[in-house]
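Scroll down for the structure; my scribbles are underneath it.
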Amino acid sequence: MSNRDYYEVLGIQKTASDDEIKAAFRKLARVYHPDVSKEEHAEEKFKEINEAYGVLSDSDKRARYDRFGKEGLNGMGGFQHDYSADFGDLFEEILGGFGFSSGRRQARNAPRRGRDLQMQIALTFEDAVFGVEREIQFQREETCSACGGSGAEPGTSPTKCTSCNGQGEVRQVRQTFLGQMVQSATCPTCNGRGQMISSPCKVCRGTGLEHKQIKKKVQIPAGVDVGTQIRLTGEGGPGAFGGPSGSLFLVLDVKPHQFFKRRDNDILLNLDINVAQAVLGAEVQVPTMDGDEKLHIPAGTQPGKIFHIKGKGVPHVRSKNRGDQVVMVNVAIPQKLSKEQRELFEKLAESLGTSVKPQEKGFLDWLNDAFGG
């Protein structure tokens with residue numbers, strides 16, 4: 001993976017549109033593509049350009065990169081994200097602009113990777129914090145069990161297409177004022193397969209694929225959050241012509257908790273205490289994800305006081321360390337008083353007097369200080 005910033009590699013701003021990203025890539029590809037460039041280290045530079053375009057041209061990968069940097073392109077729990085892109089047609093267009101074909105274009109029936117699949121999984125707040133094993137169900141295409149993927153009825157075999165000689169494409173070479181141009185197109189006789197099937201398989205109708213319902217147990221690591229993607233390599237659609245299978249991406253959603261909120265790896269909790277506890281101090285039981293914990297409230301605690309309970313937050317995905325539970329104390333003012341309580345408060349009011357003190361900071365300023373803006 002390149003160490004340089006991808007926007008810097010392509011020479012664009014972070015606000016660049018999709019068209020600007022593509023235009024920047026094409027411009028640089030014409031300079032550094034190994035088939036046409038005489039620049040020193042052209043191949044290394046082109047690989048870097050290729051990598052940057054593979055991320056920034058994909059909206060999901062670009063969003064992860066903008067938010068988390070290159071670390072965001074790594075899957076959670078050991079699964080790695082694929083940050084490359086398919087540039088085949090674009091390369092042909094770029095090289096064609098110089099008056100010749102790349103000479104590297106693969107046949108239509110060359111091995112191709114299967115398509116990626118995606119599904120969403122809803123987790124409880126607790127599942128996201130501690131991790132959970134889930135059984136998922138999804139549909140995907142698999143190699144036909146009847147014909148073994150050949151598309152031909154069992155007992156018969158496909159034959160080589162005579163129009164393209166089994167290549168899956170037909171080519172024409174023509175001379176233009178720019179030089180010799182090679183045009184390739186999918187073979188109209190075999191539709192790119194390179195083979196002809198006289199007796200199609202009755203199960204898959206000649207496609208070589210059949211839909212199947214898949215059940216699989218998946219371990220969701222502790223510490224995941226809303227939008228986390230987990231990549232299951234090889235669990236996507238089947239590859240074509242012997243190519244590898246695609247991947248299945250699990251996109252996680254986390255349901256909100258009744259009391260707790262999350263900020264990075266810290267868990268936030270608003271806790272109400274009564275006036276007496278704030279004035280006199282108290283030992284209170286505070287709920288955490290691991291059960292109740294004792295918290296000492298010092299005498300004279302003011303509304304908005306922040307307490308930290310170490311190690312009771314969310315685990316870091318790649319380590320055993322945990323964030324903190326951040327407890328913000330609110331002093332609950334009773335709305336209804338008994339006769340006895342009212343008399344006590346009236347006596348307290350007499351002893352405290354009626355003077356007031358202006359505050360230098362407002363409520364919003366205090367919130368910004370408490371929770372870092």
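Residues are named by chain letter and number: chains run A, B, ... in the order of the structure tokens, numbers start at 1 in each chain, and ligands are numbered from 1 in the order shown.
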> Which residues, written as a PyMOL selection string, have at least one atom at most 8 Å from A:Lys310, with only C-alpha atoms counted and residues fewer than 4 positions away on the same chain left out?
Replying inline: chain A and resi 323-325
Residues from the last selection, N, CA, C and O atoms, saved as an mmCIF file, in the first residue's frame:
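Saved the output as again-v5.cif:
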data_model
loop_
_atom_site.group_PDB
_atom_site.id
_atom_site.type_symbol
_atom_site.label_atom_id
_atom_site.label_comp_id
_atom_site.auth_asym_id
_atom_site.auth_seq_id
_atom_site.Cartn_x
_atom_site.Cartn_y
_atom_site.Cartn_z
ATOM 1 N N GLY A 323 -12.123 1.423 26.359
ATOM 2 C CA GLY A 323 -12.302 2.806 26.729
ATOM 3 C C GLY A 323 -12.876 2.918 28.136
ATOM 4 O O GLY A 323 -12.935 1.942 28.889
ATOM 5 N N ASP A 324 -13.327 4.117 28.490
ATOM 6 C CA ASP A 324 -13.888 4.368 29.822
ATOM 7 C C ASP A 324 -15.395 4.547 29.746
ATOM 8 O O ASP A 324 -15.966 4.793 28.676
ATOM 9 N N GLN A 325 -16.032 4.422 30.895
ATOM 10 C CA GLN A 325 -17.414 4.873 31.004
ATOM 11 C C GLN A 325 -17.376 6.282 31.581
ATOM 12 O O GLN A 325 -16.789 6.520 32.639
#
>> With only C-alpha atoms as the counted atoms, please give the residues lying no more than 10 Å from A:Met289, apart from itself and same-chain residues fewer than 2 positions off, as number ranges by chain.
In response: A: 125-126, 129-130, 260, 267, 287, 291-293, 312-314, 325
>> Set the distance at 10 Å and use only C-alpha atoms: which residues neighbour A:Gln137 once local chain neighbours fewer than 6 positions away are removed? I'd like the list as a PyMOL selection string.
In response: chain A and resi 119+213-217
>> Could you pull out the strand (DSSP E or B) residues of stretch 216-371 of chain A, going by DSSP on the backbone, and write them as a PyMOL selection string?
In response: chain A and resi 216-220+229-232+240+248-254+261-263+266-274+282-288+291-297+306-309+315+322+325-332
Output the selection as a PDB file, in the first residue's frame - C-alpha atoms for each residue.
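The new file part_0.pdb reads:
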ATOM      1  CA  LYS A 216     -23.089 -19.663   7.832  1.00  0.00           C
ATOM      2  CA  LYS A 217     -21.921 -18.837  11.370  1.00  0.00           C
ATOM      3  CA  VAL A 218     -19.960 -15.602  11.612  1.00  0.00           C
ATOM      4  CA  GLN A 219     -17.984 -14.226  14.550  1.00  0.00           C
ATOM      5  CA  ILE A 220     -18.603 -10.498  15.014  1.00  0.00           C
ATOM      6  CA  GLN A 229     -17.845  -3.717   7.244  1.00  0.00           C
ATOM      7  CA  ILE A 230     -16.594  -7.264   7.642  1.00  0.00           C
ATOM      8  CA  ARG A 231     -15.292  -8.981   4.535  1.00  0.00           C
ATOM      9  CA  LEU A 232     -15.744 -12.732   4.141  1.00  0.00           C
ATOM     10  CA  ALA A 240     -16.051 -17.303 -14.202  1.00  0.00           C
ATOM     11  CA  LEU A 248     -19.402 -11.181   1.030  1.00  0.00           C
ATOM     12  CA  PHE A 249     -19.420  -7.854   2.880  1.00  0.00           C
ATOM     13  CA  LEU A 250     -21.372  -7.654   6.137  1.00  0.00           C
ATOM     14  CA  VAL A 251     -22.441  -4.084   6.883  1.00  0.00           C
ATOM     15  CA  LEU A 252     -23.228  -3.667  10.578  1.00  0.00           C
ATOM     16  CA  ASP A 253     -25.990  -1.584  12.127  1.00  0.00           C
ATOM     17  CA  VAL A 254     -26.211  -1.096  15.896  1.00  0.00           C
ATOM     18  CA  LYS A 261     -24.419   6.266  24.237  1.00  0.00           C
ATOM     19  CA  ARG A 262     -21.116   5.729  22.486  1.00  0.00           C
ATOM     20  CA  ARG A 263     -18.345   8.203  21.672  1.00  0.00           C
ATOM     21  CA  ASP A 266     -16.044   5.544  25.556  1.00  0.00           C
ATOM     22  CA  ILE A 267     -19.561   4.891  26.840  1.00  0.00           C
ATOM     23  CA  LEU A 268     -21.518   7.944  28.027  1.00  0.00           C
ATOM     24  CA  LEU A 269     -24.154   7.872  30.760  1.00  0.00           C
ATOM     25  CA  ASN A 270     -26.265  10.650  32.262  1.00  0.00           C
ATOM     26  CA  LEU A 271     -26.905   9.934  35.959  1.00  0.00           C
ATOM     27  CA  ASP A 272     -29.484  11.714  38.126  1.00  0.00           C
ATOM     28  CA  ILE A 273     -28.738  12.168  41.838  1.00  0.00           C
ATOM     29  CA  ASN A 274     -30.886  14.025  44.370  1.00  0.00           C
ATOM     30  CA  ALA A 282     -22.900   9.593  48.694  1.00  0.00           C
ATOM     31  CA  GLU A 283     -21.901   6.146  47.444  1.00  0.00           C
ATOM     32  CA  VAL A 284     -24.139   5.247  44.485  1.00  0.00           C
ATOM     33  CA  GLN A 285     -24.508   2.226  42.224  1.00  0.00           C
ATOM     34  CA  VAL A 286     -23.878   3.057  38.567  1.00  0.00           C
ATOM     35  CA  PRO A 287     -24.955   0.703  35.748  1.00  0.00           C
ATOM     36  CA  THR A 288     -22.187  -0.330  33.333  1.00  0.00           C
ATOM     37  CA  GLY A 291     -22.940  -4.752  35.848  1.00  0.00           C
ATOM     38  CA  ASP A 292     -23.323  -2.173  38.607  1.00  0.00           C
ATOM     39  CA  GLU A 293     -20.224  -0.331  39.866  1.00  0.00           C
ATOM     40  CA  LYS A 294     -19.827   1.781  43.021  1.00  0.00           C
ATOM     41  CA  LEU A 295     -19.187   5.474  42.403  1.00  0.00           C
ATOM     42  CA  HIS A 296     -18.216   7.951  45.132  1.00  0.00           C
ATOM     43  CA  ILE A 297     -20.042  11.275  44.848  1.00  0.00           C
ATOM     44  CA  ILE A 306     -17.901  14.335  34.992  1.00  0.00           C
ATOM     45  CA  PHE A 307     -16.634  11.049  36.453  1.00  0.00           C
ATOM     46  CA  HIS A 308     -14.589   8.380  34.628  1.00  0.00           C
ATOM     47  CA  ILE A 309     -14.884   4.675  35.374  1.00  0.00           C
ATOM     48  CA  PRO A 315     -13.027  -2.665  23.515  1.00  0.00           C
ATOM     49  CA  ARG A 322     -11.151  -0.775  26.535  1.00  0.00           C
ATOM     50  CA  GLN A 325     -17.414   4.873  31.004  1.00  0.00           C
ATOM     51  CA  VAL A 326     -17.993   8.607  31.272  1.00  0.00           C
ATOM     52  CA  VAL A 327     -20.660   9.507  33.827  1.00  0.00           C
ATOM     53  CA  MET A 328     -22.188  12.988  33.803  1.00  0.00           C
ATOM     54  CA  VAL A 329     -24.028  13.820  37.033  1.00  0.00           C
ATOM     55  CA  ASN A 330     -27.294  15.726  36.939  1.00  0.00           C
ATOM     56  CA  VAL A 331     -28.889  17.010  40.148  1.00  0.00           C
ATOM     57  CA  ALA A 332     -32.583  16.115  39.959  1.00  0.00           C
TER      58      ALA A 332
END
> Using only C-alpha atoms, which residues sit within 10 Å of A:Cys144 once same-chain residues fewer than 6 positions away are excluded, as a ChimeraX atom specification?
Replying inline: /A:150-151,201,203-212
